[in-house]
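Q: Sharing target-v4.pdb below, PDB, N, CA and C atoms:
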ATOM      1  N   MET A   1     -12.262  13.544  16.163
ATOM      2  CA  MET A   1     -11.941  12.343  15.414
ATOM      3  C   MET A   1     -10.640  12.569  14.655
ATOM      4  N   PRO A   2      -9.722  11.605  14.691
ATOM      5  CA  PRO A   2      -8.437  11.818  14.009
ATOM      6  C   PRO A   2      -8.582  11.790  12.493
ATOM      7  N   LYS A   3      -7.573  12.329  11.868
ATOM      8  CA  LYS A   3      -7.560  12.319  10.409
ATOM      9  C   LYS A   3      -7.389  10.899   9.894
ATOM     10  N   MET A   4      -7.926  10.636   8.712
ATOM     11  CA  MET A   4      -7.726   9.337   8.075
ATOM     12  C   MET A   4      -6.375   9.334   7.373
ATOM     13  N   LYS A   5      -5.720   8.190   7.383
ATOM     14  CA  LYS A   5      -4.407   8.107   6.750
ATOM     15  C   LYS A   5      -4.530   7.644   5.311
ATOM     16  N   THR A   6      -3.720   8.241   4.443
ATOM     17  CA  THR A   6      -3.647   7.857   3.038
ATOM     18  C   THR A   6      -2.628   6.739   2.889
ATOM     19  N   LYS A   7      -2.977   5.718   2.094
ATOM     20  CA  LYS A   7      -2.010   4.669   1.769
ATOM     21  C   LYS A   7      -0.991   5.266   0.817
ATOM     22  N   ARG A   8       0.244   5.414   1.265
ATOM     23  CA  ARG A   8       1.257   6.123   0.493
ATOM     24  C   ARG A   8       1.611   5.381  -0.796
ATOM     25  N   ALA A   9       1.586   4.061  -0.780
ATOM     26  CA  ALA A   9       1.887   3.307  -2.003
ATOM     27  C   ALA A   9       0.840   3.590  -3.069
ATOM     28  N   ALA A  10      -0.424   3.699  -2.659
ATOM     29  CA  ALA A  10      -1.488   3.997  -3.611
ATOM     30  C   ALA A  10      -1.388   5.438  -4.103
ATOM     31  N   ALA A  11      -0.981   6.342  -3.231
ATOM     32  CA  ALA A  11      -0.874   7.750  -3.613
ATOM     33  C   ALA A  11       0.200   7.955  -4.679
ATOM     34  N   LYS A  12       1.216   7.093  -4.670
ATOM     35  CA  LYS A  12       2.275   7.214  -5.668
ATOM     36  C   LYS A  12       1.882   6.610  -7.004
ATOM     37  N   ARG A  13       0.862   5.760  -7.020
ATOM     38  CA  ARG A  13       0.489   5.051  -8.245
ATOM     39  C   ARG A  13      -0.774   5.566  -8.906
ATOM     40  N   PHE A  14      -1.646   6.206  -8.157
ATOM     41  CA  PHE A  14      -2.938   6.634  -8.687
ATOM     42  C   PHE A  14      -3.124   8.127  -8.472
ATOM     43  N   SER A  15      -3.926   8.738  -9.346
ATOM     44  CA  SER A  15      -4.281  10.141  -9.161
ATOM     45  C   SER A  15      -5.704  10.347  -9.642
ATOM     46  N   PHE A  16      -6.368  11.329  -9.059
ATOM     47  CA  PHE A  16      -7.752  11.612  -9.389
ATOM     48  C   PHE A  16      -7.834  12.649 -10.502
ATOM     49  N   THR A  17      -8.826  12.492 -11.368
ATOM     50  CA  THR A  17      -9.093  13.500 -12.387
ATOM     51  C   THR A  17     -10.078  14.512 -11.809
ATOM     52  N   ALA A  18     -10.363  15.556 -12.569
ATOM     53  CA  ALA A  18     -11.288  16.586 -12.091
ATOM     54  C   ALA A  18     -12.712  16.057 -11.976
ATOM     55  N   THR A  19     -13.049  15.025 -12.757
ATOM     56  CA  THR A  19     -14.405  14.475 -12.709
ATOM     57  C   THR A  19     -14.544  13.366 -11.672
ATOM     58  N   GLY A  20     -13.449  13.014 -10.968
ATOM     59  CA  GLY A  20     -13.526  12.016  -9.916
ATOM     60  C   GLY A  20     -13.080  10.628 -10.315
ATOM     61  N   LYS A  21     -12.673  10.446 -11.574
ATOM     62  CA  LYS A  21     -12.145   9.146 -11.973
ATOM     63  C   LYS A  21     -10.722   8.998 -11.432
ATOM     64  N   VAL A  22     -10.244   7.758 -11.401
ATOM     65  CA  VAL A  22      -8.897   7.505 -10.906
ATOM     66  C   VAL A  22      -8.031   7.036 -12.064
ATOM     67  N   LYS A  23      -6.934   7.760 -12.301
ATOM     68  CA  LYS A  23      -6.012   7.405 -13.369
ATOM     69  C   LYS A  23      -4.973   6.424 -12.846
ATOM     70  N   ARG A  24      -4.497   5.538 -13.745
ATOM     71  CA  ARG A  24      -3.453   4.585 -13.405
ATOM     72  C   ARG A  24      -2.597   4.335 -14.629
ATOM     73  N   ARG A  25      -1.397   3.791 -14.407
ATOM     74  CA  ARG A  25      -0.538   3.393 -15.513
ATOM     75  C   ARG A  25      -0.870   1.975 -15.925
ATOM     76  N   ARG A  26      -0.617   1.654 -17.174
ATOM     77  CA  ARG A  26      -0.803   0.288 -17.646
ATOM     78  C   ARG A  26       0.467  -0.509 -17.426
ATOM     79  N   LYS A  27       0.314  -1.814 -17.443
ATOM     80  CA  LYS A  27       1.464  -2.695 -17.214
ATOM     81  C   LYS A  27       2.241  -2.895 -18.513
ATOM     82  N   GLY A  28       3.465  -3.379 -18.396
ATOM     83  CA  GLY A  28       4.179  -3.883 -19.559
ATOM     84  C   GLY A  28       5.191  -2.966 -20.198
ATOM     85  N   LEU A  29       5.759  -2.003 -19.476
ATOM     86  CA  LEU A  29       6.775  -1.141 -20.089
ATOM     87  C   LEU A  29       8.064  -1.110 -19.282
ATOM     88  N   ARG A  30       8.355  -2.160 -18.546
ATOM     89  CA  ARG A  30       9.536  -2.143 -17.691
ATOM     90  C   ARG A  30      10.725  -2.880 -18.309
ATOM     91  N   HIS A  31      10.512  -4.069 -18.820
ATOM     92  CA  HIS A  31      11.627  -4.859 -19.338
ATOM     93  C   HIS A  31      11.081  -5.813 -20.391
ATOM     94  N   ILE A  32      11.998  -6.504 -21.089
ATOM     95  CA  ILE A  32      11.676  -7.421 -22.195
ATOM     96  C   ILE A  32      10.851  -6.687 -23.260
ATOM     97  N   LEU A  33      11.388  -5.572 -23.724
ATOM     98  CA  LEU A  33      10.643  -4.756 -24.677
ATOM     99  C   LEU A  33      11.014  -5.065 -26.127
ATOM    100  N   GLU A  34      12.134  -5.751 -26.358
ATOM    101  CA  GLU A  34      12.569  -5.992 -27.732
ATOM    102  C   GLU A  34      11.610  -6.891 -28.488
ATOM    103  N   LYS A  35      11.063  -7.887 -27.814
ATOM    104  CA  LYS A  35      10.199  -8.842 -28.508
ATOM    105  C   LYS A  35       8.760  -8.359 -28.636
ATOM    106  N   ARG A  36       8.418  -7.249 -28.010
ATOM    107  CA  ARG A  36       7.047  -6.749 -28.095
ATOM    108  C   ARG A  36       6.885  -5.876 -29.325
ATOM    109  N   SER A  37       5.681  -5.886 -29.855
ATOM    110  CA  SER A  37       5.422  -5.092 -31.049
ATOM    111  C   SER A  37       5.317  -3.614 -30.677
ATOM    112  N   HIS A  38       5.485  -2.780 -31.690
ATOM    113  CA  HIS A  38       5.374  -1.343 -31.488
ATOM    114  C   HIS A  38       3.984  -0.987 -30.980
ATOM    115  N   LYS A  39       2.983  -1.669 -31.504
ATOM    116  CA  LYS A  39       1.604  -1.384 -31.111
ATOM    117  C   LYS A  39       1.358  -1.697 -29.635
ATOM    118  N   SER A  40       1.866  -2.833 -29.170
ATOM    119  CA  SER A  40       1.631  -3.191 -27.769
ATOM    120  C   SER A  40       2.353  -2.240 -26.829
ATOM    121  N   LYS A  41       3.560  -1.797 -27.220
ATOM    122  CA  LYS A  41       4.288  -0.846 -26.382
ATOM    123  C   LYS A  41       3.594   0.511 -26.374
ATOM    124  N   LYS A  42       3.061   0.894 -27.522
ATOM    125  CA  LYS A  42       2.371   2.177 -27.610
ATOM    126  C   LYS A  42       1.103   2.178 -26.766
ATOM    127  N   LEU A  43       0.370   1.059 -26.787
ATOM    128  CA  LEU A  43      -0.847   0.964 -25.982
ATOM    129  C   LEU A  43      -0.525   0.884 -24.492
ATOM    130  N   ALA A  44       0.604   0.263 -24.148
ATOM    131  CA  ALA A  44       0.981   0.157 -22.746
ATOM    132  C   ALA A  44       1.414   1.503 -22.182
ATOM    133  N   GLY A  45       1.842   2.413 -23.034
ATOM    134  CA  GLY A  45       2.286   3.716 -22.564
ATOM    135  C   GLY A  45       1.145   4.653 -22.215
ATOM    136  N   ARG A  46      -0.054   4.323 -22.667
ATOM    137  CA  ARG A  46      -1.203   5.187 -22.389
ATOM    138  C   ARG A  46      -1.671   5.038 -20.953
ATOM    139  N   THR A  47      -2.277   6.069 -20.426
ATOM    140  CA  THR A  47      -2.869   5.946 -19.100
ATOM    141  C   THR A  47      -4.246   5.331 -19.235
ATOM    142  N   ASP A  48      -4.723   4.757 -18.145
ATOM    143  CA  ASP A  48      -6.013   4.102 -18.139
ATOM    144  C   ASP A  48      -6.740   4.536 -16.879
ATOM    145  N   TYR A  49      -7.990   4.155 -16.764
ATOM    146  CA  TYR A  49      -8.781   4.496 -15.599
ATOM    147  C   TYR A  49      -9.098   3.239 -14.810
ATOM    148  N   VAL A  50      -9.224   3.391 -13.506
ATOM    149  CA  VAL A  50      -9.580   2.272 -12.644
ATOM    150  C   VAL A  50     -11.025   1.888 -12.923
ATOM    151  N   HIS A  51     -11.307   0.587 -12.901
ATOM    152  CA  HIS A  51     -12.651   0.101 -13.188
ATOM    153  C   HIS A  51     -13.624   0.569 -12.102
ATOM    154  N   PRO A  52     -14.870   0.873 -12.477
ATOM    155  CA  PRO A  52     -15.837   1.383 -11.481
ATOM    156  C   PRO A  52     -16.069   0.455 -10.296
ATOM    157  N   THR A  53     -15.894  -0.864 -10.475
ATOM    158  CA  THR A  53     -16.089  -1.766  -9.338
ATOM    159  C   THR A  53     -14.988  -1.643  -8.297
ATOM    160  N   ASP A  54     -13.848  -1.058  -8.658
ATOM    161  CA  ASP A  54     -12.754  -0.876  -7.713
ATOM    162  C   ASP A  54     -12.736   0.512  -7.083
ATOM    163  N   MET A  55     -13.699   1.356  -7.417
ATOM    164  CA  MET A  55     -13.676   2.733  -6.928
ATOM    165  C   MET A  55     -13.847   2.809  -5.412
ATOM    166  N   GLY A  56     -14.641   1.921  -4.828
ATOM    167  CA  GLY A  56     -14.795   1.931  -3.377
ATOM    168  C   GLY A  56     -13.489   1.662  -2.670
ATOM    169  N   ARG A  57     -12.712   0.712  -3.204
ATOM    170  CA  ARG A  57     -11.398   0.393  -2.648
ATOM    171  C   ARG A  57     -10.446   1.581  -2.797
ATOM    172  N   MET A  58     -10.542   2.280  -3.916
ATOM    173  CA  MET A  58      -9.674   3.436  -4.130
ATOM    174  C   MET A  58      -9.977   4.551  -3.132
ATOM    175  N   HIS A  59     -11.254   4.775  -2.867
ATOM    176  CA  HIS A  59     -11.618   5.848  -1.948
ATOM    177  C   HIS A  59     -11.243   5.505  -0.509
ATOM    178  N   LYS A  60     -11.155   4.219  -0.182
ATOM    179  CA  LYS A  60     -10.657   3.846   1.144
ATOM    180  C   LYS A  60      -9.161   4.082   1.248
ATOM    181  N   MET A  61      -8.416   3.776   0.169
ATOM    182  CA  MET A  61      -6.965   3.954   0.214
ATOM    183  C   MET A  61      -6.582   5.423   0.092
ATOM    184  N   LEU A  62      -7.366   6.197  -0.672
ATOM    185  CA  LEU A  62      -7.079   7.611  -0.906
ATOM    186  C   LEU A  62      -8.286   8.430  -0.462
ATOM    187  N   PRO A  63      -8.460   8.625   0.848
ATOM    188  CA  PRO A  63      -9.680   9.250   1.335
ATOM    189  C   PRO A  63      -9.828  10.719   0.958
ATOM    190  N   TYR A  64      -8.737  11.417   0.671
ATOM    191  CA  TYR A  64      -8.818  12.852   0.383
ATOM    192  C   TYR A  64      -8.619  13.151  -1.095
ATOM    193  N   GLY A  65      -8.957  12.219  -1.957
ATOM    194  CA  GLY A  65      -8.731  12.392  -3.382
ATOM    195  C   GLY A  65      -9.776  13.222  -4.060
TER
END
Any chance you could put this one into structure tokens?
A:
Amino acid sequence: MPKMKTKRAAAKRFSFTATGKVKRRRKGLRHILEKRSHKSKKLAGRTDYVHPTDMGRMHKMLPYG
């Protein structure tokens, strides 16, 4: 049976933790930053985890994670 292919776009955006969760970046730190508050920019800079309902989709895109 051939190897499964990894979705390269997903591999560049997501990574697995040691416990099996999937890390992702939050939105909102690319442009139009002057009008945003310090708090919103600080919260947008933090990493977040993919919601458990999307984990099946993540494992299909990243089969060897």
Q: Using DSSP on the backbone coordinates, identify all residues within chain A classified as helix (DSSP H, G or I); present the result as a PyMOL selection string.
A: chain A and resi 8-13+38-44+52-61
Q: Just how far from atom CA of Gly28 of chain A is atom CA of Lys41 of chain A, in Å to one decimal?
A: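 We find that atom CA of Lys41 of chain A and atom CA of Gly28 of chain A lie 7.5 Å from each other.
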Q: Could you list the residues chosen by the PyMOL selection byres (((chain A and resi 49 and name CA) around 6) and name CA) in this structure as a ChimeraX atom specification?
A: /A:22-24,48,50
Q: For a test of reading the model, state the distance in Å between atom C of Gly65 of chain A and atom CA of Lys42 of chain A, rounded to one decimal.
A: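 Atom-to-atom, atom C of Gly65 of chain A to atom CA of Lys42 of chain A, that is 28.7 Å.
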Q: Name the residues captured by the PyMOL selection byres (((chain A and resi 9-21 and name CA) around 12) and name CA) when it is applied to the shown file; answer as a PyMOL selection string.
A: chain A and resi 5-8+22-27+47-65
Q: Mind the document's chain letters and residue numbers, and return as a PyMOL selection string the residues of segment 1-32 of chain A that DSSP labels strand (DSSP E or B).
A: chain A and resi 15-16+22-25
Q: What box, with edges along x, y and z, holds each listed atom of segment 31-42 of chain A when 8 Å is added on every side, and can you state its centre and edge lengths in Å to one decimal, as lines of an AutoDock Vina configuration file?
A:
center_x = 6.8
center_y = -3.3
center_z = -25.3
size_x = 27.5
size_y = 27.0
size_z = 28.9
